[in-house]
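Student: mmCIF, C-alpha atoms, saved as start_38.cif, coming up:
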```cif
data_query
loop_
_atom_site.label_atom_id
_atom_site.label_comp_id
_atom_site.auth_asym_id
_atom_site.auth_seq_id
_atom_site.Cartn_x
_atom_site.Cartn_y
_atom_site.Cartn_z
CA MET A 465 117.71 242.21 94.98
CA VAL A 466 116.67 239.18 93.03
CA ALA A 467 113.68 240.05 90.88
CA MET A 468 110.55 238.38 92.16
CA ALA A 469 107.69 236.99 90.15
CA ALA A 470 105.91 240.28 89.59
CA THR A 471 106.55 242.18 86.42
CA THR A 472 105.52 245.64 87.59
CA LEU A 473 106.70 246.66 91.02
CA LEU A 474 104.71 249.27 92.88
CA THR A 475 105.88 251.83 95.36
CA SER A 476 104.07 252.19 98.66
CA ASP A 477 102.67 255.54 97.47
CA GLN A 478 101.21 253.96 94.33
CA PHE A 479 99.85 251.10 96.37
CA LEU A 480 98.14 253.34 98.91
CA ALA A 481 96.57 255.40 96.11
CA MET A 482 94.91 252.31 94.63
CA PRO A 483 91.14 252.03 95.06
CA GLU A 484 90.01 249.36 97.47
CA GLU A 485 89.15 246.06 95.94
CA LEU A 486 85.94 244.28 96.88
CA ASP A 487 85.14 240.59 96.61
CA GLN A 488 81.86 239.26 95.20
CA ASP A 489 80.18 239.71 98.57
CA GLY A 490 81.23 243.34 98.79
CA ASN A 491 83.86 242.77 101.46
CA VAL A 492 87.12 244.67 101.23
CA VAL A 493 89.97 242.48 100.04
CA HIS A 494 92.87 243.24 102.36
CA GLN A 495 96.17 243.55 100.61
CA GLU A 496 99.77 244.20 101.48
CA LEU A 497 102.67 245.41 99.37
CA ILE A 498 105.60 243.06 99.76
CA ASN A 499 108.76 243.94 97.85
CA GLY A 500 106.67 245.97 95.43
CA GLU A 501 104.24 243.15 94.80
CA VAL A 502 100.57 243.38 95.77
CA VAL A 503 99.64 240.35 97.86
CA SER A 504 96.10 239.57 98.97
CA MET A 505 95.86 238.61 102.59
CA PRO A 506 94.18 235.27 103.26
CA HIS A 507 90.78 235.37 104.90
CA ALA A 508 91.39 234.60 108.53
CA ALA A 509 89.94 231.42 109.94
CA GLN A 510 88.18 231.58 113.29
CA ARG A 511 91.06 229.79 114.93
CA HIS A 512 93.41 232.51 113.67
CA ASP A 513 91.19 235.22 115.16
CA ILE A 514 90.75 233.42 118.48
CA ILE A 515 94.51 233.07 118.89
CA LEU A 516 94.95 236.71 117.98
CA GLY A 517 92.34 237.66 120.57
CA LYS A 518 94.18 235.73 123.28
CA ILE A 519 97.46 237.43 122.43
CA LEU A 520 95.89 240.89 122.36
CA ASP A 521 94.23 240.14 125.69
CA ALA A 522 97.52 239.20 127.33
CA LEU A 523 99.27 242.27 125.92
CA ILE A 524 96.50 244.68 126.94
CA VAL A 525 96.47 243.34 130.51
CA TYR A 526 100.25 243.74 130.63
CA LEU A 527 100.18 247.27 129.21
CA HIS A 528 97.56 248.33 131.75
CA GLY A 529 100.06 247.54 134.46
CA ASN A 530 102.97 249.10 132.57
CA ARG A 531 101.70 252.44 131.29
CA GLY A 532 105.17 253.91 131.66
CA LEU A 533 106.24 252.05 128.51
CA GLY A 534 103.98 254.33 126.47
CA LEU A 535 102.88 251.49 124.19
CA ILE A 536 99.47 250.64 122.82
CA ALA A 537 98.27 247.38 121.22
CA LEU A 538 96.47 247.70 117.89
CA PRO A 539 95.07 245.03 115.55
CA ASP A 540 95.27 245.21 111.74
CA THR A 541 97.02 248.57 111.42
CA GLU A 542 98.71 249.40 108.16
CA PHE A 543 102.38 250.38 108.22
CA VAL A 544 104.37 251.90 105.38
CA VAL A 545 107.58 250.11 106.20
CA GLY A 546 109.59 251.06 103.12
CA VAL A 547 109.46 252.38 99.58
CA ASN A 548 108.07 249.07 98.30
CA ASP A 549 106.64 247.63 101.50
CA ALA A 550 103.31 248.27 103.21
CA PHE A 551 102.42 245.61 105.77
CA ILE A 552 99.44 244.97 108.02
CA PRO A 553 100.58 242.98 111.05
CA ASP A 554 97.81 240.98 112.71
CA CYS A 555 98.62 242.84 115.87
CA CYS A 556 101.24 245.33 116.92
CA LEU A 557 102.52 247.41 119.77
CA ILE A 558 103.34 250.98 118.89
CA ALA A 559 104.54 253.98 120.87
CA ILE A 560 101.51 256.11 121.67
CA ASN A 561 103.44 259.27 120.84
CA ARG A 562 103.77 258.11 117.23
CA LEU A 563 100.00 258.17 116.77
CA SER A 564 98.17 261.22 115.60
CA PRO A 565 94.39 261.26 115.10
CA GLU A 566 94.59 263.74 112.22
CA LYS A 567 96.93 261.68 110.11
CA HIS A 568 96.22 259.01 107.54
CA LYS A 569 95.09 255.67 108.74
CA TYR A 570 98.44 254.16 107.94
CA ILE A 571 101.59 254.72 109.95
CA GLN A 572 105.01 255.50 108.56
CA GLY A 573 107.75 253.13 109.67
CA ALA A 574 107.55 249.85 111.54
CA PRO A 575 105.76 249.13 114.81
CA GLU A 576 107.77 248.59 117.97
CA LEU A 577 106.51 245.01 118.02
CA ALA A 578 104.83 243.23 115.11
CA ILE A 579 102.90 239.99 115.54
CA GLU A 580 101.90 237.73 112.67
CA VAL A 581 99.73 234.66 113.17
CA VAL A 582 100.56 232.26 110.34
CA SER A 583 97.61 231.31 108.12
CA PRO A 584 97.50 227.91 106.42
CA SER A 585 98.18 229.42 103.00
CA GLU A 586 100.80 231.95 104.15
CA SER A 587 103.90 232.00 101.97
CA ALA A 588 107.17 231.22 103.72
CA ALA A 589 109.11 233.54 101.42
CA TYR A 590 106.85 236.55 102.05
CA LEU A 591 106.85 235.92 105.78
CA ARG A 592 110.64 235.98 105.79
CA ILE A 593 110.69 239.27 103.84
CA LYS A 594 108.11 240.81 106.17
CA THR A 595 109.97 239.75 109.31
CA ASN A 596 113.24 241.17 108.03
CA GLY A 597 111.45 244.29 106.76
CA TYR A 598 110.00 245.05 110.18
CA LEU A 599 113.32 244.50 111.95
CA SER A 600 115.38 246.51 109.48
CA LYS A 601 112.96 249.45 109.73
CA GLY A 602 112.98 249.70 113.50
CA SER A 603 110.82 246.99 115.06
CA ARG A 604 112.41 245.88 118.31
CA SER A 605 110.89 242.46 117.96
CA VAL A 606 108.65 240.37 115.73
CA TRP A 607 106.55 237.44 116.88
CA ILE A 608 105.65 234.76 114.35
CA VAL A 609 102.90 232.57 115.75
CA PHE A 610 102.46 229.02 114.40
CA PRO A 611 99.02 227.68 115.41
CA GLU A 612 99.57 224.09 114.25
CA VAL A 613 102.73 223.49 116.21
CA ARG A 614 101.72 225.88 118.98
CA SER A 615 104.91 227.81 118.99
CA VAL A 616 105.97 231.43 118.80
CA MET A 617 109.25 232.48 117.20
CA VAL A 618 110.46 235.75 118.70
CA TYR A 619 112.89 237.66 116.47
CA THR A 620 114.84 240.44 118.15
CA GLY A 621 117.70 242.15 116.35
CA ASP A 622 120.05 239.36 115.42
CA SER A 623 118.64 236.62 117.60
CA VAL A 624 115.71 234.26 117.28
CA ARG A 625 114.09 232.32 120.07
CA GLU A 626 111.31 229.78 119.90
CA PHE A 627 108.79 229.42 122.72
CA LYS A 628 106.61 226.33 122.81
CA GLY A 629 105.07 223.67 125.02
CA ASP A 630 104.98 224.76 128.66
CA GLU A 631 107.44 227.62 128.22
CA GLN A 632 106.71 231.19 129.27
CA ILE A 633 107.02 233.68 126.48
CA THR A 634 109.13 236.73 127.26
CA ASP A 635 110.35 239.66 125.22
CA PRO A 636 113.13 242.15 126.03
CA LEU A 637 110.83 244.97 124.88
CA LEU A 638 108.31 244.04 127.59
CA PRO A 639 110.05 243.84 130.98
CA GLY A 640 108.16 241.61 133.37
CA PHE A 641 105.90 240.17 130.66
CA SER A 642 105.73 236.42 131.03
CA THR A 643 102.82 234.28 130.00
CA PRO A 644 102.54 230.57 129.14
CA VAL A 645 102.71 230.26 125.38
CA ALA A 646 100.17 227.39 125.56
CA ALA A 647 97.54 229.86 126.78
CA PHE A 648 97.53 231.50 123.32
CA PHE A 649 96.40 228.25 121.75
CA GLU A 650 93.70 227.12 124.16
CA LEU A 651 90.58 227.66 122.15
CA THR A 652 88.10 227.67 125.02
CA MET B 449 106.20 215.67 119.79
CA GLY B 450 103.48 216.58 122.29
CA HIS B 451 101.19 218.23 119.81
CA ALA B 452 102.10 216.13 116.82
CA LEU B 453 98.90 214.13 116.87
CA GLU B 454 96.80 217.21 117.24
CA TRP B 455 98.60 218.72 114.28
CA LEU B 456 97.89 215.58 112.33
CA ALA B 457 94.23 215.62 113.27
CA MET B 458 93.87 219.22 112.11
CA ALA B 459 95.95 219.06 109.00
CA ALA B 460 93.95 216.71 106.85
CA THR B 461 91.05 214.34 106.93
CA THR B 462 92.93 211.27 105.77
CA LEU B 463 96.42 210.95 107.12
CA LEU B 464 98.99 208.65 105.66
CA THR B 465 101.93 207.01 107.29
CA SER B 466 105.29 207.14 105.57
CA ASP B 467 104.95 203.45 104.70
CA GLN B 468 101.56 204.00 103.06
CA PHE B 469 102.90 207.04 101.27
CA LEU B 470 105.91 205.21 99.91
CA ALA B 471 103.70 202.35 98.72
CA MET B 472 101.56 204.68 96.61
CA PRO B 473 101.92 204.37 92.86
CA GLU B 474 103.70 207.22 91.18
CA ALA B 475 101.50 209.88 89.61
CA PHE B 476 102.14 211.59 86.30
CA ASP B 477 100.96 214.88 84.85
CA GLN B 478 99.49 215.28 81.36
CA HIS B 479 102.98 215.49 79.87
CA GLY B 480 104.01 212.21 81.42
CA ASN B 481 106.30 213.85 83.94
CA ARG B 482 106.36 212.34 87.35
CA ILE B 483 104.55 214.42 89.97
CA LYS B 484 106.79 214.73 92.97
CA ASP B 485 105.27 214.97 96.39
CA GLU B 486 106.23 214.83 100.02
CA LEU B 487 104.46 213.61 103.15
CA ILE B 488 104.32 216.43 105.66
CA GLY B 489 102.69 215.55 108.96
CA GLY B 490 100.70 212.77 107.29
CA GLU B 491 99.51 215.09 104.53
CA VAL B 492 100.53 214.50 100.92
CA VAL B 493 101.86 217.81 99.60
CA LYS B 494 102.77 218.32 95.97
CA MET B 495 106.22 219.75 95.55
CA PRO B 496 106.25 223.07 93.75
CA GLN B 497 107.73 223.26 90.30
CA PRO B 498 111.14 224.73 91.01
CA SER B 499 111.94 228.02 89.34
CA TYR B 500 115.13 228.62 87.42
CA LEU B 501 116.30 230.79 90.32
CA HIS B 502 115.60 227.99 92.81
CA ASP B 503 117.52 225.46 90.71
CA ARG B 504 120.49 227.73 90.21
CA ILE B 505 120.79 228.44 93.92
CA LYS B 506 120.49 224.74 94.67
CA ASN B 507 123.21 223.94 92.15
CA ARG B 508 125.42 226.67 93.56
CA ILE B 509 125.06 225.23 97.06
CA CYS B 510 125.86 221.75 95.74
CA ARG B 511 129.01 223.00 94.07
CA LEU B 512 130.19 224.75 97.23
CA LEU B 513 129.46 221.66 99.32
CA THR B 514 131.14 219.32 96.83
CA ARG B 515 134.25 221.47 96.83
CA TYR B 516 134.30 221.29 100.63
CA LEU B 517 133.67 217.53 100.74
CA ASP B 518 136.39 216.82 98.16
CA ALA B 519 138.87 218.75 100.26
CA ASN B 520 137.74 216.98 103.45
CA GLN B 521 137.44 213.37 102.40
CA ALA B 522 138.46 212.14 105.83
CA ALA B 523 135.13 213.41 107.13
CA ARG B 524 133.44 210.57 105.13
CA LEU B 525 130.48 212.69 104.11
CA ASP B 526 128.54 212.96 100.87
CA ALA B 527 126.02 215.39 99.46
CA LEU B 528 122.78 214.04 97.99
CA VAL B 529 120.49 215.99 95.70
CA GLU B 530 116.73 215.45 96.00
CA THR B 531 116.99 212.06 97.65
CA GLY B 532 113.88 211.16 99.64
CA ALA B 533 114.33 210.82 103.37
CA GLN B 534 111.88 209.12 105.70
CA VAL B 535 112.16 211.34 108.74
CA SER B 536 109.31 209.99 110.89
CA ASP B 537 106.26 207.75 110.69
CA TYR B 538 104.33 210.66 109.19
CA ASP B 539 107.04 212.61 107.43
CA THR B 540 108.89 211.74 104.23
CA PHE B 541 110.63 214.67 102.61
CA VAL B 542 112.76 215.34 99.57
CA PRO B 543 115.38 217.82 100.77
CA ASP B 544 116.90 219.86 97.96
CA VAL B 545 120.30 218.85 99.29
CA ALA B 546 121.25 216.54 102.14
CA VAL B 547 124.62 215.82 103.66
CA VAL B 548 124.92 212.23 104.85
CA ARG B 549 127.56 210.09 106.49
CA LEU B 550 129.05 207.60 104.04
CA GLY B 551 128.32 203.96 104.73
CA GLU B 552 125.25 204.51 106.91
CA GLN B 553 122.74 203.21 104.39
CA PRO B 554 122.83 200.22 102.07
CA LEU B 555 123.38 201.42 98.52
CA SER B 556 120.22 199.67 97.34
CA VAL B 557 117.77 201.90 99.19
CA ARG B 558 115.54 204.30 97.29
CA ILE B 559 114.60 206.33 100.35
CA TYR B 560 117.02 207.40 103.03
CA ARG B 561 115.69 206.08 106.33
CA GLY B 562 116.54 207.97 109.45
CA ALA B 563 118.28 211.23 109.73
CA PRO B 564 120.85 212.66 107.39
CA LEU B 565 123.35 214.95 109.06
CA LEU B 566 122.16 218.13 107.41
CA ALA B 567 119.20 219.01 105.19
CA ILE B 568 119.06 222.08 103.00
CA GLU B 569 115.79 223.44 101.62
CA VAL B 570 115.67 226.26 99.11
CA VAL B 571 112.33 228.01 99.60
CA SER B 572 110.03 228.22 96.57
CA PRO B 573 107.51 231.03 96.19
CA THR B 574 104.65 228.59 96.80
CA ASP B 575 106.06 226.94 99.92
CA THR B 576 103.81 227.70 102.86
CA ALA B 577 105.24 228.82 106.18
CA LYS B 578 103.16 226.18 107.94
CA HIS B 579 104.58 223.24 106.02
CA LEU B 580 108.10 224.60 106.18
CA LYS B 581 107.86 224.93 109.97
CA ARG B 582 106.60 221.36 110.26
CA LYS B 583 109.46 220.16 108.08
CA VAL B 584 112.09 221.89 110.20
CA ASP B 585 110.55 220.50 113.40
CA ALA B 586 110.28 216.97 111.98
CA TYR B 587 113.84 217.01 110.68
CA LEU B 588 115.18 218.04 114.08
CA GLU B 589 112.94 215.63 116.01
CA GLY B 590 114.10 212.93 113.59
CA GLY B 591 117.67 213.53 114.68
CA LEU B 592 119.17 215.83 112.07
CA LYS B 593 121.93 217.96 113.48
CA SER B 594 121.17 220.97 111.38
CA VAL B 595 118.65 222.30 108.85
CA TRP B 596 119.40 225.16 106.51
CA ILE B 597 116.45 227.07 105.07
CA VAL B 598 117.55 229.20 102.16
CA TYR B 599 115.37 232.21 101.24
CA PRO B 600 116.22 233.42 97.71
CA GLU B 601 114.14 236.61 97.80
CA ALA B 602 115.22 237.70 101.28
CA ARG B 603 118.75 236.46 100.55
CA SER B 604 119.13 234.94 103.93
CA VAL B 605 119.80 231.51 105.38
CA MET B 606 118.22 230.31 108.61
CA ILE B 607 120.23 227.61 110.37
CA HIS B 608 118.09 225.56 112.72
CA THR B 609 119.55 223.13 115.26
CA ALA B 610 117.86 221.33 118.15
CA ASP B 611 118.46 224.25 120.48
CA SER B 612 119.13 227.29 118.35
CA VAL B 613 118.03 229.29 115.33
CA ARG B 614 120.32 231.74 113.58
CA GLU B 615 119.69 233.87 110.56
CA LEU B 616 122.65 234.68 108.35
CA LYS B 617 122.43 237.59 105.95
CA ALA B 618 124.57 239.48 103.48
CA GLY B 619 128.10 240.00 104.76
CA GLN B 620 127.96 237.05 107.15
CA LEU B 621 129.62 233.67 106.79
CA ILE B 622 127.77 230.38 106.64
CA GLU B 623 129.47 228.07 109.09
CA ASP B 624 128.03 225.01 110.78
CA SER B 625 129.59 222.70 113.35
CA THR B 626 128.34 219.69 111.36
CA LEU B 627 130.75 220.73 108.58
CA PRO B 628 134.00 221.64 110.37
CA GLY B 629 136.02 224.12 108.35
CA PHE B 630 133.20 224.96 105.93
CA SER B 631 132.94 228.70 105.59
CA THR B 632 131.36 230.62 102.77
CA PRO B 633 129.82 234.08 102.53
CA VAL B 634 126.02 234.15 102.36
CA ALA B 635 126.32 236.12 99.13
CA ALA B 636 128.01 233.11 97.47
CA PHE B 637 124.62 231.34 97.53
CA PHE B 638 122.73 234.16 95.88
CA GLU B 639 125.04 236.06 93.56
CA LEU B 640 124.44 234.25 90.33
CA SER B 641 126.25 235.48 87.30
#
```
Can the structure in the file be given as structure tokens, please?

Tutor:
Amino acid sequence: MVAMAATTLLTSDQFLAMPEELDQDGNVVHQELINGEVVSMPHAAQRHDIILGKILDALIVYLHGNRGLGLIALPDTEFVVGVNDAFIPDCCLIAINRLSPEKHKYIQGAPELAIEVVSPSESAAYLRIKTNGYLSKGSRSVWIVFPEVRSVMVYTGDSVREFKGDEQITDPLLPGFSTPVAAFFELT
Amino acid sequence: MGHALEWLAMAATTLLTSDQFLAMPEAFDQHGNRIKDELIGGEVVKMPQPSYLHDRIKNRICRLLTRYLDANQAARLDALVETGAQVSDYDTFVPDVAVVRLGEQPLSVRIYRGAPLLAIEVVSPTDTAKHLKRKVDAYLEGGLKSVWIVYPEARSVMIHTADSVRELKAGQLIEDSTLPGFSTPVAAFFELS
């Protein structure tokens, strides 16, 4: 692996043992570990959160009608994806039988589906590493949501598909799921 | 292009056209070096200072392309390094490498107008996903056949065309119908020694 900018690389264990960092207003600074490097997550804009809400909404409605899949939708859950990677997807679908109330708040491995809504300051290089990290550690698909161009890139295994405009977004992990991608971006 | 104007409205308060952008005087930093920037969706975006890694990968790609072009002179193609390209009314980019058809542009131009055949961007640590996405979309809407986005840290190459996206990783070959016969392992871009 090409050495990245950081001088000291952390393992996920070291990262998770770090005390939480607070900003000047006392809010927790959310961080991820990407390739051993601690990266602060950008503060989400309202638009980011509204889009996320719409996506969660669509997924929850779908999962209600498809309980047999055994999946649950969770926002902002921390996953220890690898030795040097701990990611917090904006939203994810995970198999209910992987959850255990007694365990740590973070989950070992990758979610079945990870969804990232791209923030204005989000680094292209980190996003690429995260997408590949999820897929190589077991995610069946990863959605990368681009608010400005109103499109969703769906990565599954070795293929990538972009949904935009008046297209219906589908995903092989979610049989029967089909919703207009434009609905995610309508802010009313 | 349906949402292009909305993108423009959101992206910045003052949007420039490519013509306005190209008419701007050049800016210099405190050392007298020219500040390079691009126009992305009407927004002036300063180009990141390339790292040594970025430059070496770019040079490696150039060498591989030059070798191919020398062996395929009948194709009448050339590789340009960091030549500005006006891709749309609101987009003027400086691709790290572009492959163009010979004879399409007068030799006097400073900025390539219209679409090269292929643009290659090597991602810098400070490139945002948002701007990179807009660049890929604008290149393809502007008529480019193919856009390669090279990710040094992830060691992968995404090849975008009008109707497909493919990611090529270690062990795979980079091939592209715009360059018939070109075939090189992904690792050849990243294994610098």

Student: Set the distance at 6 Å and use all atoms listed in the file: which residues neighbour range 562-571 of chain B once local chain neighbours fewer than 6 positions away are removed? I'd like the list as a VMD selection string.

Tutor: chain B and resid 535 543 to 548 590 to 599

Student: Counting only C-alpha atoms, figure out which residue out of B:Arg508, B:Lys494, B:Asn481, B:Leu501 gets nearest to His579 in chain B.

Tutor: B:Lys494

Student: Between chain B and chain A, at 7 Å or less, what are the per-residue closest atom pairs and their distances in Å? Count all atoms listed in the file, order by chain and rising residue number, and return it as a Markdown table.

Tutor:
```
| residue | atom | partner | partner_atom | distance |
| --- | --- | --- | --- | --- |
| B:His451 | CA | A:Val613 | CA | 6.6 |
| B:Trp455 | CA | A:Glu612 | CA | 5.5 |
| B:Val571 | CA | A:Ala589 | CA | 6.7 |
| B:Pro573 | CA | A:Ala589 | CA | 6.0 |
| B:Thr574 | CA | A:Ser587 | CA | 6.2 |
| B:Asp575 | CA | A:Ala588 | CA | 5.8 |
| B:Thr576 | CA | A:Ser587 | CA | 4.4 |
| B:Ala577 | CA | A:Ala588 | CA | 3.9 |
| B:Lys578 | CA | A:Pro584 | CA | 6.1 |
| B:Tyr599 | CA | A:Ala589 | CA | 6.4 |
| B:Glu601 | CA | A:Val466 | CA | 6.0 |
| B:Ala602 | CA | A:Ile593 | CA | 5.4 |
| B:Val613 | CA | A:Val624 | CA | 5.8 |
| B:Arg614 | CA | A:Val624 | CA | 6.4 |
```

Student: Okay, now the selection with C-alpha atoms, as a short mmCIF file (atom, residue, chain, number, x, y, z; two decimals), keeping the file's coordinate frame?

Tutor:
```cif
data_model
loop_
_atom_site.label_atom_id
_atom_site.label_comp_id
_atom_site.auth_asym_id
_atom_site.auth_seq_id
_atom_site.Cartn_x
_atom_site.Cartn_y
_atom_site.Cartn_z
CA HIS B 451 101.19 218.23 119.81
CA TRP B 455 98.60 218.72 114.28
CA VAL B 571 112.33 228.01 99.60
CA PRO B 573 107.51 231.03 96.19
CA THR B 574 104.65 228.59 96.80
CA ASP B 575 106.06 226.94 99.92
CA THR B 576 103.81 227.70 102.86
CA ALA B 577 105.24 228.82 106.18
CA LYS B 578 103.16 226.18 107.94
CA TYR B 599 115.37 232.21 101.24
CA GLU B 601 114.14 236.61 97.80
CA ALA B 602 115.22 237.70 101.28
CA VAL B 613 118.03 229.29 115.33
CA ARG B 614 120.32 231.74 113.58
#
```

Student: Taking 3 positions as the minimum chain separation for residues in the same chain, which residues sit within 7 Å of Met495 in chain B when counting only C-alpha atoms? Answer as number ranges by chain.

Tutor: B: 484-486

Student: List the spatial neighbours of Arg604 in chain A as a list in words - criterion: any atom at most 12 Å away, all atoms listed in the file, same-chain residues fewer than 5 positions off excluded.

Tutor: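 Returned residues: Cys556, Leu557, Ile558, Ala559, Ala574, Pro575, Glu576, Leu577, Ala578, Ile579, Thr595, Asn596, Gly597, Tyr598, Leu599, Val618, Tyr619, Thr620, Gly621, Asp622, Ser623, Asp635, Pro636, Leu637 and Leu638 of chain A.
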
Student: Any idea what the distance is between CA of Leu528 in chain B and CA of Pro600 in chain B?

Tutor: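 If I compute the distance from CA of Leu528 in chain B to CA of Pro600 in chain B, I get 20.5 Å.
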
Student: One decimal, Å: what's the distance from CA of Ala522 in chain B over to CA of Thr609 in chain B, could you say?

Tutor: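 It comes out at 23.8 Å.
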
Student: Select, counting all atoms listed in the file, all protein, DNA and RNA residues no farther than 12 Å from (102.9, 258.2, 117.1) in file coordinates, and express the selection as JSON, numbers by chain.

Tutor: {"A": [534, 535, 536, 543, 557, 558, 559, 560, 561, 562, 563, 564, 565, 566, 567, 568, 569, 570, 571, 572, 573, 574, 575, 576]}

Student: If you measure from CA of Ile519 in chain A to CA of Gly546 in chain A, what distance in Å do you get, rounded to one decimal?

Tutor: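 Taking CA of Ile519 in chain A as the start and CA of Gly546 in chain A as the end point, the length is 26.6 Å.
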
Student: Please evaluate the PyMOL selection byres ((chain B and resi 526) around 8) against the structure above and give the resulting residues as a list in words.

Tutor: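 For this structure, the PyMOL selection byres ((chain B and resi 526) around 8) resolves to Thr514, Leu517, Arg524, Leu525, Ala527, Leu528, Val547, Val548, Arg549 and Leu550 of chain B.
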
Student: On this structure, which residues satisfy the PyMOL selection byres ((chain A and resi 553) around 6), written as a compact mmCIF listing (two decimals) with C-alpha atoms, in the frame of the given file?

Tutor:
```txt
# COMPACT_ATOMS: atom_id res chain seq x y z
CA ASP A 540 95.27 245.21 111.74
CA ILE A 552 99.44 244.97 108.02
CA ASP A 554 97.81 240.98 112.71
CA CYS A 555 98.62 242.84 115.87
CA ALA A 578 104.83 243.23 115.11
CA ILE A 579 102.90 239.99 115.54
CA GLU A 580 101.90 237.73 112.67
```

Student: Under the PyMOL selection byres ((chain B and resi 640) around 9), which residues of this model are included? Write them out as a PyMOL selection string.

Tutor: chain B and resi 501+504-505+508+636-639+641

Student: Hey, what's within 9 Å of Ala522 in chain A if we count all atoms listed in the file and toss same-chain stuff fewer than 5 positions away? As an NGL selection string, please?

Tutor: :A and (517 or 527 or 643 or 648)

Student: Suppose we keep C-alpha atoms; can you now write the selection as a compact mmCIF listing (two decimals), keeping the file's coordinate frame?

Tutor:
```
# COMPACT_ATOMS: atom_id res chain seq x y z
CA GLY A 517 92.34 237.66 120.57
CA LEU A 527 100.18 247.27 129.21
CA THR A 643 102.82 234.28 130.00
CA PHE A 648 97.53 231.50 123.32
```

Student: In terms of the shortest atom-to-atom distance over all atoms listed in the file, which of B:Met472, B:Val605, B:Ile622, B:Ile488 is closest to Lys583 in chain B?

Tutor: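 Of B:Met472, B:Val605, B:Ile622, B:Ile488, the one nearest Lys583 in chain B is B:Ile488, counting all atoms listed in the file.
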
Student: For Glu484 in chain A, find every residue with an atom within 9 Å (counting all atoms listed in the file), except residues of its own chain fewer than 4 positions away, and show them as JSON, numbers by chain.

Tutor: {"A": [492, 493, 494]}

Student: For Ala508 in chain A, which of A:Val581, A:Pro639, A:Gln488, A:Val606 is the closest residue, counting all atoms listed in the file?

Tutor: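 Using all atoms listed in the file, Ala508 in chain A sits closest to A:Val581.
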
Student: Which one is closest to Ala550 in chain A: A:Ser504, A:Ser476, A:Ser642, A:Thr652? Count all atoms listed in the file.

Tutor: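 Selected residue with least distance to Ala550 in chain A: A:Ser476.
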
Student: Starting from the point (90.5, 248.8, 94.9), work out which residues of protein, DNA or RNA have an atom no more than 12 Å away when counting only C-alpha atoms; state them as a list in words.

Tutor: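 Residues close enough to count: Gln478, Phe479, Leu480, Ala481, Met482, Pro483, Glu484, Glu485, Leu486, Asp487, Gly490, Asn491, Val492, Val493, His494, Gln495, Val502 and Ser504 of chain A.
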
Student: Write out the residues from the selection above, keeping C-alpha atoms, as a short mmCIF file (atom, residue, chain, number, x, y, z; two decimals), keeping the file's coordinate frame.

Tutor:
```
data_model
loop_
_atom_site.label_atom_id
_atom_site.label_comp_id
_atom_site.auth_asym_id
_atom_site.auth_seq_id
_atom_site.Cartn_x
_atom_site.Cartn_y
_atom_site.Cartn_z
CA GLN A 478 101.21 253.96 94.33
CA PHE A 479 99.85 251.10 96.37
CA LEU A 480 98.14 253.34 98.91
CA ALA A 481 96.57 255.40 96.11
CA MET A 482 94.91 252.31 94.63
CA PRO A 483 91.14 252.03 95.06
CA GLU A 484 90.01 249.36 97.47
CA GLU A 485 89.15 246.06 95.94
CA LEU A 486 85.94 244.28 96.88
CA ASP A 487 85.14 240.59 96.61
CA GLY A 490 81.23 243.34 98.79
CA ASN A 491 83.86 242.77 101.46
CA VAL A 492 87.12 244.67 101.23
CA VAL A 493 89.97 242.48 100.04
CA HIS A 494 92.87 243.24 102.36
CA GLN A 495 96.17 243.55 100.61
CA VAL A 502 100.57 243.38 95.77
CA SER A 504 96.10 239.57 98.97
#
```

Student: Put range 564-583 of chain B into a file with C-alpha atoms, as a CSV table (one decimal), in the first residue's frame.

Tutor:
```csv
chain,number,residue,atom,x,y,z
B,564,PRO,CA,-10.6,15.5,-26.2
B,565,LEU,CA,-11.0,11.8,-26.7
B,566,LEU,CA,-10.0,10.7,-23.2
B,567,ALA,CA,-9.2,12.6,-20.0
B,568,ILE,CA,-7.2,11.2,-17.2
B,569,GLU,CA,-7.3,12.6,-13.7
B,570,VAL,CA,-5.0,11.5,-10.9
B,571,VAL,CA,-6.8,12.1,-7.6
B,572,SER,CA,-5.1,14.3,-5.1
B,573,PRO,CA,-5.7,14.0,-1.4
B,574,THR,CA,-7.6,17.3,-1.3
B,575,ASP,CA,-9.8,16.7,-4.3
B,576,THR,CA,-13.4,16.6,-3.2
B,577,ALA,CA,-15.8,13.9,-4.3
B,578,LYS,CA,-18.4,16.5,-5.3
B,579,HIS,CA,-16.1,18.3,-7.7
B,580,LEU,CA,-14.7,15.1,-9.1
B,581,LYS,CA,-18.2,13.9,-9.8
B,582,ARG,CA,-19.1,17.1,-11.6
B,583,LYS,CA,-15.9,16.9,-13.7
```
